[in-house]
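Novice: I have a structure here, written as structure tokens, and I will follow up with some questions on it.
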Amino acid sequence: MVKQIKTGIFGLDSVLFGGIPEHNQVVVAGGPGAGKSLLSFEFLYRSALEGEIGIMFSLDEEVDKLLENVKEVFVGMEKIDEFIKEGRITVIGEGLSDSVRQVGGDTTYQFGKVVADIEAYVKKTGATRVVIDSISLLDLMINDKIIYRRSMLALASNLRRLGVTSMITVESESIDRGKLEFVPEYFIFDGIIALYQNGEEDKRVLSLEVIKMRGGKHSFMTVPYDIASDGFKIYAQGT
Ligand SMILES: Nc1ncnc2c1ncn2[C@@H]1O[C@H](COP(=O)(O)OP(=O)(O)OP(=O)(O)O)[C@@H](O)[C@H]1O
Ligand SMILES: [Mg+2]
């Protein structure tokens, strides 16, 4: 029986019938503004409350902006600054994304460097929980589909070898349920949590679905969620 990690995120563990199987790499997919960064940050925050060490690689957004946004939304999470100061949560951005953004040259080499950098930071911090937000930039960087797939496999096997449990965000082009495209990372990684946004802008309906989770049973329901000041509220049946 695989050990499950309770995320502590309201309703998520119910949807996952206990939590994320330890060492899994879970893709969090969703359209712009669905809450991918916030959900994955909350995963690290709740882990830190349990004494775990987490690291977030912010490839899309500047670290300061990301943290500013997180603190603005999650005003009820009082220990964010403390966890960062203590090194229980580390957010890394600039250096890594620079190496990702470099255009030209051998992209396989650059990607290899990104993977090596991620490994070095994980080892240095002793992190057991890892967030990569997002890998969509890597998709843009690597035009060749086969090389992209191979690179993703390298990243996945690297994370597995490091023994961490991770969330990897992916921008999905379609935000509507039913139009979700099946891109390589959905097959390569162990789990997929999809965040959907339906309806009009002024009455946006947010919902979450666990599409797959290797090593664990999970609900097949699509359930509504909200982003509150003390974290996500996922309205699983029975919560
Ligand atoms: N004060 C707030 N309270 C609740 N929700 C908020 C608040 N401020 C912003 N939000 C929601 O959070 C969303 C942004 O979350 P987040 O940055 O995690 O999304 P994302 O999926 O990572 O977006 P992107 O694709 O741009 O990276 C906004 O679209 C908005 O719906
Ligand atoms: Mg984001």
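Residue numbers start at 1 in each chain; chains themselves are named A, B, ... in the order of the structure tokens; ligands are numbered from 1 in the order shown.
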I'd like the neighbourhood of Phe189 of chain A as a list in words, where a residue qualifies if any of its atoms comes within 9 Å (using only C-alpha atoms), though same-chain residues fewer than 3 positions away should be ignored.

Specialist: Asn24, Gln25, Val26, Val27, Met152, Leu153, Ala156, Ile168, Pro184, Glu185, Tyr186, Ile192 and Arg214 of chain A

Novice: Just the selected residues (N, CA and C atoms), exported as a compact mmCIF listing (two decimals), in the first residue's frame, please.

Specialist:
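Result file is again.txt:
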```
# COMPACT_ATOMS: atom_id res chain seq x y z
N ASN A 24 4.61 10.96 -5.85
CA ASN A 24 3.94 11.23 -7.13
C ASN A 24 4.27 12.63 -7.64
N GLN A 25 4.23 12.75 -8.95
CA GLN A 25 4.36 14.06 -9.61
C GLN A 25 3.00 14.37 -10.19
N VAL A 26 2.40 15.42 -9.69
CA VAL A 26 1.03 15.73 -10.07
C VAL A 26 0.97 16.99 -10.92
N VAL A 27 0.40 16.86 -12.10
CA VAL A 27 0.21 18.02 -12.96
C VAL A 27 -1.05 18.76 -12.51
N MET A 152 10.72 15.91 -20.81
CA MET A 152 9.74 15.75 -19.73
C MET A 152 9.97 14.44 -18.98
N LEU A 153 10.31 13.39 -19.74
CA LEU A 153 10.60 12.09 -19.11
C LEU A 153 11.82 12.21 -18.20
N ALA A 156 10.71 13.99 -15.08
CA ALA A 156 9.91 13.11 -14.24
C ALA A 156 10.78 12.09 -13.52
N ILE A 168 3.28 20.12 -10.61
CA ILE A 168 3.83 20.76 -11.79
C ILE A 168 2.67 21.42 -12.53
N PRO A 184 1.58 15.69 -23.95
CA PRO A 184 2.46 14.62 -23.44
C PRO A 184 2.57 14.56 -21.92
N GLU A 185 2.64 15.75 -21.26
CA GLU A 185 2.86 15.70 -19.82
C GLU A 185 1.74 14.99 -19.07
N TYR A 186 0.56 14.91 -19.70
CA TYR A 186 -0.53 14.22 -19.02
C TYR A 186 -0.29 12.72 -18.94
N ILE A 192 -3.01 13.96 -12.55
CA ILE A 192 -3.48 15.21 -13.17
C ILE A 192 -4.67 15.75 -12.38
N ARG A 214 -1.88 7.94 -10.23
CA ARG A 214 -1.28 6.61 -10.11
C ARG A 214 -1.10 6.25 -8.65
```

Novice: Can you check which residues of segment 77-221 of chain A DSSP gives as alpha helix (DSSP H) on the backbone and send them as a PyMOL selection string?

Specialist: chain A and resi 80-86+94-101+107-125+136-141+145-162+184-188

Novice: Might you pull out every residue within 10 Å of segment 91-93 of chain A, with only C-alpha atoms counted and same-chain residues fewer than 4 positions away left off, and present them as a list in words?

Specialist: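 Surrounding residues, per the criterion: Phe41, Gly54, Ile55, Met56, Phe57, Ser58, Leu59, Asp60, Glu61, Glu62, Val63, Asp64, Leu66, Leu67, Ile84, Gly87, Ser97, Asp98, Ile118, Tyr121, Val131, Ile132 and Asp133 of chain A.
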
Novice: Using N, CA and C atoms, can you export the residues from the last selection as a PDB file, in the first residue's frame?

Specialist:
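The result, stored in out.pdb:
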```pdb
ATOM      1  N   PHE A  41       1.134  26.652  -4.393  1.00  0.00           N
ATOM      2  CA  PHE A  41       1.769  27.302  -3.248  1.00  0.00           C
ATOM      3  C   PHE A  41       1.130  26.807  -1.950  1.00  0.00           C
ATOM      4  N   GLY A  54       9.689  22.754   1.530  1.00  0.00           N
ATOM      5  CA  GLY A  54       9.200  22.850   0.156  1.00  0.00           C
ATOM      6  C   GLY A  54       9.962  23.872  -0.664  1.00  0.00           C
ATOM      7  N   ILE A  55       9.994  23.646  -1.965  1.00  0.00           N
ATOM      8  CA  ILE A  55      10.620  24.606  -2.869  1.00  0.00           C
ATOM      9  C   ILE A  55       9.749  24.774  -4.111  1.00  0.00           C
ATOM     10  N   MET A  56       9.609  26.043  -4.512  1.00  0.00           N
ATOM     11  CA  MET A  56       8.794  26.347  -5.690  1.00  0.00           C
ATOM     12  C   MET A  56       9.680  26.998  -6.728  1.00  0.00           C
ATOM     13  N   PHE A  57       9.688  26.454  -7.927  1.00  0.00           N
ATOM     14  CA  PHE A  57      10.431  27.047  -9.032  1.00  0.00           C
ATOM     15  C   PHE A  57       9.443  27.849  -9.862  1.00  0.00           C
ATOM     16  N   SER A  58       9.556  29.159  -9.765  1.00  0.00           N
ATOM     17  CA  SER A  58       8.614  30.024 -10.467  1.00  0.00           C
ATOM     18  C   SER A  58       9.224  30.425 -11.813  1.00  0.00           C
ATOM     19  N   LEU A  59       8.833  29.729 -12.850  1.00  0.00           N
ATOM     20  CA  LEU A  59       9.436  29.966 -14.162  1.00  0.00           C
ATOM     21  C   LEU A  59       8.682  31.031 -14.959  1.00  0.00           C
ATOM     22  N   ASP A  60       7.411  31.234 -14.619  1.00  0.00           N
ATOM     23  CA  ASP A  60       6.583  32.157 -15.403  1.00  0.00           C
ATOM     24  C   ASP A  60       6.504  33.551 -14.808  1.00  0.00           C
ATOM     25  N   GLU A  61       6.618  33.619 -13.514  1.00  0.00           N
ATOM     26  CA  GLU A  61       6.331  34.868 -12.817  1.00  0.00           C
ATOM     27  C   GLU A  61       7.514  35.247 -11.933  1.00  0.00           C
ATOM     28  N   GLU A  62       7.787  36.532 -11.808  1.00  0.00           N
ATOM     29  CA  GLU A  62       8.849  36.968 -10.907  1.00  0.00           C
ATOM     30  C   GLU A  62       8.496  36.568  -9.481  1.00  0.00           C
ATOM     31  N   VAL A  63       9.521  36.167  -8.744  1.00  0.00           N
ATOM     32  CA  VAL A  63       9.302  35.671  -7.387  1.00  0.00           C
ATOM     33  C   VAL A  63       8.566  36.705  -6.524  1.00  0.00           C
ATOM     34  N   ASP A  64       9.018  37.955  -6.571  1.00  0.00           N
ATOM     35  CA  ASP A  64       8.398  38.998  -5.746  1.00  0.00           C
ATOM     36  C   ASP A  64       6.926  39.177  -6.080  1.00  0.00           C
ATOM     37  N   LEU A  66       4.947  36.970  -7.501  1.00  0.00           N
ATOM     38  CA  LEU A  66       4.223  35.762  -7.100  1.00  0.00           C
ATOM     39  C   LEU A  66       3.892  35.808  -5.614  1.00  0.00           C
ATOM     40  N   LEU A  67       4.907  36.136  -4.802  1.00  0.00           N
ATOM     41  CA  LEU A  67       4.708  36.159  -3.353  1.00  0.00           C
ATOM     42  C   LEU A  67       3.736  37.269  -2.943  1.00  0.00           C
ATOM     43  N   ILE A  84       9.222  31.352   4.919  1.00  0.00           N
ATOM     44  CA  ILE A  84      10.229  31.741   3.936  1.00  0.00           C
ATOM     45  C   ILE A  84      11.534  32.112   4.643  1.00  0.00           C
ATOM     46  N   GLY A  87      13.337  29.159   5.785  1.00  0.00           N
ATOM     47  CA  GLY A  87      13.756  28.243   4.721  1.00  0.00           C
ATOM     48  C   GLY A  87      12.880  27.009   4.607  1.00  0.00           C
ATOM     49  N   SER A  97      14.760  30.764 -14.630  1.00  0.00           N
ATOM     50  CA  SER A  97      13.989  31.121 -15.820  1.00  0.00           C
ATOM     51  C   SER A  97      14.876  31.784 -16.871  1.00  0.00           C
ATOM     52  N   ASP A  98      15.965  32.421 -16.421  1.00  0.00           N
ATOM     53  CA  ASP A  98      16.893  32.986 -17.401  1.00  0.00           C
ATOM     54  C   ASP A  98      17.463  31.892 -18.279  1.00  0.00           C
ATOM     55  N   ILE A 118      17.405  22.331 -10.865  1.00  0.00           N
ATOM     56  CA  ILE A 118      16.301  21.933  -9.982  1.00  0.00           C
ATOM     57  C   ILE A 118      16.820  20.914  -8.965  1.00  0.00           C
ATOM     58  N   TYR A 121      19.047  22.563  -6.275  1.00  0.00           N
ATOM     59  CA  TYR A 121      18.274  23.329  -5.281  1.00  0.00           C
ATOM     60  C   TYR A 121      17.512  22.405  -4.328  1.00  0.00           C
ATOM     61  N   VAL A 131       7.453  22.282  -6.263  1.00  0.00           N
ATOM     62  CA  VAL A 131       6.488  22.827  -7.222  1.00  0.00           C
ATOM     63  C   VAL A 131       7.255  23.418  -8.399  1.00  0.00           C
ATOM     64  N   ILE A 132       6.846  23.097  -9.603  1.00  0.00           N
ATOM     65  CA  ILE A 132       7.398  23.748 -10.790  1.00  0.00           C
ATOM     66  C   ILE A 132       6.251  24.494 -11.465  1.00  0.00           C
ATOM     67  N   ASP A 133       6.379  25.824 -11.529  1.00  0.00           N
ATOM     68  CA  ASP A 133       5.259  26.672 -11.987  1.00  0.00           C
ATOM     69  C   ASP A 133       5.752  27.639 -13.054  1.00  0.00           C
TER      70      ASP A 133
END
```

Novice: In Å, how far is it from atom CA of Val183 of chain A to atom 20 (P, counted along the ligand's line) of ligand 1?

Specialist: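 Calculated distance between atom CA of Val183 of chain A and atom 20 (P, counted along the ligand's line) of ligand 1 is 18.5 Å.
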
Novice: Using the chain letters and numbers from this document, which residues of segment 36-210 of chain A does DSSP assign to strand (DSSP E), as JSON, numbers by chain?

Specialist: {"A": [54, 55, 56, 57, 58, 89, 90, 91, 92, 129, 130, 131, 132, 133, 165, 166, 167, 168, 169, 170, 171, 191, 192, 193, 194, 195, 196, 197, 198, 205, 206, 207, 208, 209, 210]}

Novice: Once you count only C-alpha atoms and all ligand atoms, which residues end up within 8 Å of ligand 1, and could you hand them over as a CSV table (one decimal) with C-alpha atoms, in the first residue's frame?

Specialist:
```csv
chain,number,residue,atom,x,y,z
A,30,GLY,CA,-5.8,24.9,-16.0
A,31,GLY,CA,-6.4,28.1,-18.0
A,32,PRO,CA,-5.1,31.5,-17.2
A,33,GLY,CA,-6.1,32.6,-13.7
A,34,ALA,CA,-7.6,29.3,-12.7
A,35,GLY,CA,-5.5,29.3,-9.5
A,36,LYS,CA,-2.7,26.9,-10.5
A,37,SER,CA,0.1,29.0,-8.8
A,38,LEU,CA,-2.1,29.5,-5.7
A,39,LEU,CA,-3.1,25.9,-5.3
A,40,SER,CA,0.5,24.7,-5.7
A,60,ASP,CA,6.6,32.2,-15.4
A,61,GLU,CA,6.3,34.9,-12.8
A,66,LEU,CA,4.2,35.8,-7.1
A,69,ASN,CA,-0.1,37.9,-5.1
A,70,VAL,CA,0.0,34.9,-2.8
A,72,GLU,CA,-2.7,39.4,-1.0
A,73,VAL,CA,-5.0,36.5,-1.7
A,74,PHE,CA,-4.1,34.3,1.3
A,133,ASP,CA,5.3,26.7,-12.0
A,134,SER,CA,4.9,26.3,-14.9
A,169,THR,CA,1.6,23.4,-13.3
A,171,GLU,CA,-1.3,26.0,-18.8
A,226,ASP,CA,-13.5,28.7,-4.4
A,227,ILE,CA,-10.3,30.6,-3.5
A,228,ALA,CA,-10.7,32.0,0.0
A,229,SER,CA,-8.4,34.0,2.2
```

Novice: At what distance in Å, to one decimal, does atom CA of Glu42 of chain A lie from atom CA of Asn198 of chain A?

Specialist: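 If I compute the distance from atom CA of Asn198 of chain A to atom CA of Glu42 of chain A, I get 22.9 Å.
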
Novice: For each of A:Ser172, A:Thr125, A:Gln110, A:Thr222, take the minimum atom-to-atom distance to ligand 2, counting only C-alpha atoms and all ligand atoms, then give the residue where this is smallest.

Specialist: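 Between A:Ser172, A:Thr125, A:Gln110, A:Thr222, the residue approaching ligand 2 most closely is A:Ser172.
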
Novice: Counting only C-alpha atoms and all ligand atoms, figure out which residue out of A:Met1, A:Leu16, A:Val130, A:Val170 gets nearest to ligand 2.

Specialist: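 Of the candidates, the smallest distance to ligand 2 is held by A:Val170.
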
Novice: In Å, with one decimal, what is the gap from atom CA of Phe232 of chain A to atom CA of Ala29 of chain A?

Specialist: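 These atoms are spaced 15.6 Å apart.
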